[in-house]
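Raw upload_12.cif, mmCIF, C-alpha atoms:
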data_work
loop_
_atom_site.label_atom_id
_atom_site.label_comp_id
_atom_site.auth_asym_id
_atom_site.auth_seq_id
_atom_site.Cartn_x
_atom_site.Cartn_y
_atom_site.Cartn_z
CA MET A 1 10.39 9.88 6.22
CA PRO A 2 11.78 6.46 7.24
CA LEU A 3 8.57 4.78 6.02
CA LEU A 4 8.90 6.34 2.57
CA GLY A 5 12.58 5.42 2.48
CA MET A 6 11.67 1.82 3.22
CA LEU A 7 8.99 1.90 0.52
CA LEU A 8 11.58 3.25 -1.91
CA LEU A 9 14.05 0.45 -1.13
CA ILE A 10 11.40 -2.30 -1.26
CA SER A 11 10.04 -0.95 -4.55
CA LEU A 12 13.51 -0.76 -6.07
CA ALA A 13 14.24 -4.35 -5.03
CA THR A 14 10.89 -5.59 -6.36
CA ALA A 15 11.29 -3.81 -9.70
CA ALA A 16 14.85 -5.08 -10.14
CA THR A 17 13.86 -8.64 -9.26
CA SER A 18 10.94 -8.49 -11.68
CA ILE A 19 13.17 -7.24 -14.50
CA VAL A 20 15.56 -10.14 -13.91
CA THR A 21 12.59 -12.54 -13.91
CA VAL A 22 11.33 -11.17 -17.24
CA VAL A 23 14.79 -11.56 -18.77
CA LEU A 24 15.01 -15.15 -17.52
CA MET A 25 11.50 -15.89 -18.81
CA LEU A 26 12.40 -14.54 -22.25
CA ASN A 27 15.36 -16.92 -22.45
CA ASN A 28 13.08 -19.96 -21.98
CA PRO A 29 10.31 -19.87 -24.62
CA PRO A 30 7.44 -20.56 -25.03
CA LEU A 31 6.41 -17.73 -22.77
CA PRO A 32 2.79 -17.73 -21.54
CA LEU A 33 1.39 -14.26 -22.14
CA PRO A 34 -0.65 -14.05 -18.89
CA ARG A 35 2.48 -14.75 -16.85
CA LEU A 36 4.51 -12.16 -18.74
CA CYS A 37 1.79 -9.56 -18.13
CA ALA A 38 1.68 -10.47 -14.43
CA ILE A 39 5.45 -10.11 -14.08
CA LEU A 40 5.37 -6.79 -15.96
CA VAL A 41 2.84 -5.56 -13.40
CA LEU A 42 5.54 -6.23 -10.81
CA VAL A 43 7.93 -4.11 -12.89
CA PHE A 44 5.67 -1.11 -13.51
CA GLY A 45 3.86 -0.99 -10.14
CA PRO A 46 6.96 -0.71 -7.96
CA SER A 47 8.54 1.59 -10.56
CA ALA A 48 5.62 3.98 -10.03
CA ALA A 49 6.25 3.79 -6.28
CA VAL A 50 9.96 4.50 -6.83
CA ALA A 51 9.16 7.55 -9.00
CA TYR A 52 6.70 8.86 -6.41
CA CYS A 53 9.18 8.33 -3.54
CA TYR A 54 11.86 10.13 -5.53
CA GLY A 55 9.49 13.05 -6.12
CA TRP A 56 8.43 13.08 -2.47
CA PHE A 57 12.03 13.22 -1.31
CA SER A 58 12.78 15.92 -3.89
CA VAL A 59 9.90 18.08 -2.65
CA THR A 60 10.81 17.44 0.99
CA LEU A 61 14.47 18.28 0.45
CA GLY A 62 13.81 21.49 -1.48
CA GLY A 63 12.21 20.40 -4.73
CA PRO A 64 13.50 19.33 -8.10
CA PHE A 65 13.19 22.93 -9.23
CA PRO A 66 16.03 25.14 -10.48
CA ALA A 67 15.16 28.06 -8.18
CA LEU A 68 12.47 27.18 -5.70
CA CYS A 69 11.56 30.60 -4.31
CA GLU A 70 12.89 34.09 -4.75
CA ASP A 71 13.39 36.22 -1.63
CA ARG A 72 11.16 38.88 -3.19
CA ASN A 73 8.59 38.61 -5.97
CA ALA A 74 8.25 40.99 -8.94
CA SER A 75 6.16 43.49 -6.92
CA GLY A 76 8.75 43.58 -4.11
CA ALA A 77 6.86 41.55 -1.49
CA GLU A 78 8.95 39.36 0.80
CA LEU A 79 8.71 35.57 0.92
CA ALA A 80 6.31 34.67 3.75
CA SER A 81 6.30 30.85 3.59
CA ILE A 82 6.75 27.76 1.46
CA VAL A 83 3.83 25.32 1.28
CA GLN A 84 4.41 21.75 0.15
CA GLU A 85 1.87 19.18 -1.01
CA TYR A 86 2.77 15.61 -1.66
CA TRP A 87 0.04 14.60 -4.11
CA PRO A 88 0.42 15.91 -6.67
CA LEU A 89 4.00 16.78 -5.83
CA ARG A 90 4.13 20.57 -5.64
CA SER A 91 5.74 23.42 -3.77
CA ALA A 92 4.25 26.89 -3.50
CA CYS A 93 5.99 30.13 -2.60
CA VAL A 94 3.66 32.42 -0.62
CA TYR A 95 4.60 36.11 -0.50
CA SER A 96 3.59 38.76 2.03
CA ASP A 97 1.28 40.50 -0.49
CA GLY A 98 -0.70 37.25 -0.92
CA ALA A 99 0.83 36.24 -4.24
CA VAL A 100 1.49 32.53 -4.69
CA VAL A 101 3.93 30.97 -7.16
CA GLU A 102 3.52 27.21 -7.59
CA HIS A 103 6.22 24.86 -8.73
CA ILE A 104 4.83 21.54 -9.94
CA SER A 105 7.08 18.70 -10.99
CA MET A 106 5.02 17.56 -13.96
CA SER A 107 7.66 15.13 -15.18
CA ILE A 108 7.52 13.12 -11.96
CA ASN A 109 3.72 13.24 -11.78
CA VAL A 110 3.35 12.13 -15.40
CA LEU A 111 5.87 9.33 -14.87
CA VAL A 112 4.02 8.09 -11.77
CA TYR A 113 0.65 8.16 -13.58
CA LEU A 114 2.09 6.46 -16.66
CA LEU A 115 3.78 3.65 -14.73
CA ALA A 116 0.79 3.08 -12.44
CA GLY A 117 -1.56 3.11 -15.43
CA LEU A 118 0.56 0.55 -17.25
CA ALA A 119 0.57 -1.66 -14.16
CA ILE A 120 -3.23 -1.49 -13.92
CA VAL A 121 -3.76 -2.19 -17.63
CA LEU A 122 -1.31 -5.10 -17.61
CA GLY A 123 -2.90 -6.50 -14.44
CA CYS A 124 -6.33 -6.45 -16.08
CA ALA A 125 -4.93 -7.94 -19.30
CA SER A 126 -3.23 -10.70 -17.32
CA ALA A 127 -6.49 -11.57 -15.55
CA VAL A 128 -8.48 -11.62 -18.80
CA LEU A 129 -5.86 -13.68 -20.63
CA HIS A 130 -5.59 -16.10 -17.71
CA ARG A 131 -9.35 -16.71 -17.81
CA ARG A 132 -9.29 -17.25 -21.59
CA THR A 133 -6.35 -19.64 -21.53
CA PRO A 134 -7.53 -23.23 -21.07
CA SER A 135 -6.14 -25.07 -18.07
CA ALA A 136 -3.80 -28.04 -18.48
CA SER A 137 -6.61 -30.52 -17.68
CA GLU A 138 -8.88 -29.01 -20.37
CA ARG A 139 -6.08 -29.17 -22.95
CA SER A 140 -5.41 -32.84 -22.20
CA LEU A 141 -9.10 -33.69 -22.62
CA GLY A 142 -9.20 -31.89 -25.95
CA LYS A 143 -11.82 -29.30 -24.95
CA PRO A 144 -11.64 -26.04 -26.90
#
Once more with this new file: its structure as C-alpha cells, please.
Amino acid sequence: MPLLGMLLLISLATAATSIVTVVLMLNNPPLPLPRLCAILVLVFGPSAAVAYCYGWFSVTLGGPFPALCEDRNASGAELASIVQEYWPLRSACVYSDGAVVEHISMSINVLVYLLAGLAIVLGCASAVLHRRTPSASERSLGKP
C-alpha cells in the first residue's frame, strides 16, 4: 500500500508539473509540435497512473460501489467472502450457495485505458514528428 501511495503522489506531481509546462510553452510561440506531444505524454501517462491508483485504493478500501455486498443474496444464501482483483479493478461477492456478484468499476478502467492510450499515441506521434522535423544544422544548410 505505501508503494502505491508513493506512485500516486509522484504521478500527481508529474502530471501537475507537465500541465504547468504546457501552459508556459503555449505562452511562448512558436511551439514545436514534437515537444508539445512529448510534454502531453507526461500529462496523460501519469494521469493514467493516478486514475489506476485511485481505483486501487477504492477497491482496497471497500470499492467505489454504492452497496458492495448484501448480507444475503436473492435466494437467501449468506455472504461467504469478498474477492478483490486489481486489474481490472473489480470486487466480487461470493455467497454460500456458490453465487457470485461482481462489481466492476468501468468508469475507472475506461479512464485508465483512455489516458494510457492517449499517452502511447502521443509518444509515437512525437517520435515520428521528431524524425520528420529537420535538425537545426540541416535548416541552416538549406536541405529540405
Set the distance at 7 Å and use only C-alpha atoms: which residues neighbour stretch 74-84 of chain A once local chain neighbours fewer than 6 positions away are removed? I'd like the list as JSON, numbers by chain. {"A": [90, 91, 92, 93, 94, 95, 96, 97]}
Per-residue nearest contacts of stretch 55-109 of chain A to stretch 6-18 of chain A (12 Å; only C-alpha atoms) as a Markdown table:
| residue | atom | partner | partner_atom | distance |
| --- | --- | --- | --- | --- |
| A:Gly55 | CA | A:Leu8 | CA | 10.9 |
| A:Trp56 | CA | A:Leu8 | CA | 10.3 |
| A:Phe57 | CA | A:Leu8 | CA | 10.0 |
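Around A:Ala125, within 8 Å and counting only C-alpha atoms, the residues found are A:Pro34, A:Cys37, A:Val121, A:Leu122, A:Val128, A:Leu129, once anything fewer than 3 positions away on its own chain is removed.
Candidate residues A:Leu26, A:Ile19, A:Leu33, A:Val41 were compared for distance to A:Gly123, and the nearest is A:Val41, using all atoms listed in the file.
One finds atom CA of A:Ile108 at 17.3 Å from atom CA of A:Val43.
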Measuring atom to atom with only C-alpha atoms, identify which of A:Cys69, A:Ile104, A:Val22, A:Ala48 is nearest to A:Ala119.
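Of all the options, A:Ala48 lies closest to A:Ala119.
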Generate the coordinates of all heavy atoms for stretch 108-119 of chain A; report them as a compact mmCIF listing (two decimals), in the frame of the given file.
# COMPACT_ATOMS: atom_id res chain seq x y z
N ILE A 108 7.66 14.20 -12.94
CA ILE A 108 7.52 13.12 -11.96
C ILE A 108 6.08 12.66 -11.87
O ILE A 108 5.79 11.46 -11.87
CB ILE A 108 8.05 13.57 -10.58
CG1 ILE A 108 9.55 13.80 -10.65
CG2 ILE A 108 7.71 12.54 -9.51
CD1 ILE A 108 10.15 14.40 -9.42
N ASN A 109 5.13 13.61 -11.85
CA ASN A 109 3.72 13.24 -11.78
C ASN A 109 3.30 12.43 -13.00
O ASN A 109 2.60 11.42 -12.87
CB ASN A 109 2.84 14.48 -11.65
CG ASN A 109 2.92 15.08 -10.27
OD1 ASN A 109 3.16 14.39 -9.30
ND2 ASN A 109 2.71 16.38 -10.18
N VAL A 110 3.71 12.86 -14.19
CA VAL A 110 3.35 12.13 -15.40
C VAL A 110 3.98 10.74 -15.38
O VAL A 110 3.33 9.75 -15.75
CB VAL A 110 3.78 12.92 -16.67
CG1 VAL A 110 3.70 12.08 -17.92
CG2 VAL A 110 2.94 14.18 -16.81
N LEU A 111 5.22 10.64 -14.95
CA LEU A 111 5.87 9.33 -14.87
C LEU A 111 5.15 8.40 -13.90
O LEU A 111 4.93 7.23 -14.20
CB LEU A 111 7.34 9.51 -14.45
CG LEU A 111 8.19 8.24 -14.41
CD1 LEU A 111 8.27 7.60 -15.80
CD2 LEU A 111 9.57 8.55 -13.89
N VAL A 112 4.75 8.92 -12.74
CA VAL A 112 4.02 8.09 -11.77
C VAL A 112 2.70 7.62 -12.37
O VAL A 112 2.35 6.44 -12.29
CB VAL A 112 3.78 8.86 -10.46
CG1 VAL A 112 2.82 8.11 -9.54
CG2 VAL A 112 5.10 9.10 -9.74
N TYR A 113 1.93 8.54 -12.97
CA TYR A 113 0.65 8.16 -13.58
C TYR A 113 0.83 7.16 -14.70
O TYR A 113 0.06 6.20 -14.83
CB TYR A 113 -0.08 9.40 -14.12
CG TYR A 113 -0.70 10.27 -13.06
CD1 TYR A 113 -0.50 11.64 -13.08
CD2 TYR A 113 -1.49 9.74 -12.05
CE1 TYR A 113 -1.08 12.46 -12.11
CE2 TYR A 113 -2.06 10.55 -11.09
CZ TYR A 113 -1.86 11.91 -11.13
OH TYR A 113 -2.42 12.70 -10.18
N LEU A 114 1.84 7.36 -15.54
CA LEU A 114 2.09 6.46 -16.66
C LEU A 114 2.44 5.05 -16.17
O LEU A 114 1.87 4.06 -16.64
CB LEU A 114 3.20 7.02 -17.54
CG LEU A 114 3.56 6.20 -18.77
CD1 LEU A 114 2.42 6.22 -19.77
CD2 LEU A 114 4.83 6.74 -19.41
N LEU A 115 3.37 4.96 -15.24
CA LEU A 115 3.78 3.65 -14.73
C LEU A 115 2.65 2.94 -13.99
O LEU A 115 2.42 1.74 -14.17
CB LEU A 115 5.01 3.79 -13.83
CG LEU A 115 6.30 4.21 -14.52
CD1 LEU A 115 7.37 4.53 -13.49
CD2 LEU A 115 6.77 3.14 -15.48
N ALA A 116 1.92 3.68 -13.17
CA ALA A 116 0.79 3.08 -12.44
C ALA A 116 -0.30 2.66 -13.41
O ALA A 116 -0.90 1.59 -13.26
CB ALA A 116 0.25 4.06 -11.41
N GLY A 117 -0.56 3.47 -14.42
CA GLY A 117 -1.56 3.11 -15.43
C GLY A 117 -1.18 1.86 -16.20
O GLY A 117 -2.02 0.98 -16.45
N LEU A 118 0.09 1.76 -16.57
CA LEU A 118 0.56 0.55 -17.25
C LEU A 118 0.42 -0.68 -16.36
O LEU A 118 0.03 -1.75 -16.83
CB LEU A 118 2.03 0.71 -17.68
CG LEU A 118 2.28 1.50 -18.94
CD1 LEU A 118 3.77 1.77 -19.11
CD2 LEU A 118 1.74 0.77 -20.15
N ALA A 119 0.72 -0.53 -15.09
CA ALA A 119 0.57 -1.66 -14.16
C ALA A 119 -0.88 -2.10 -14.06
O ALA A 119 -1.18 -3.30 -14.07
CB ALA A 119 1.11 -1.28 -12.78
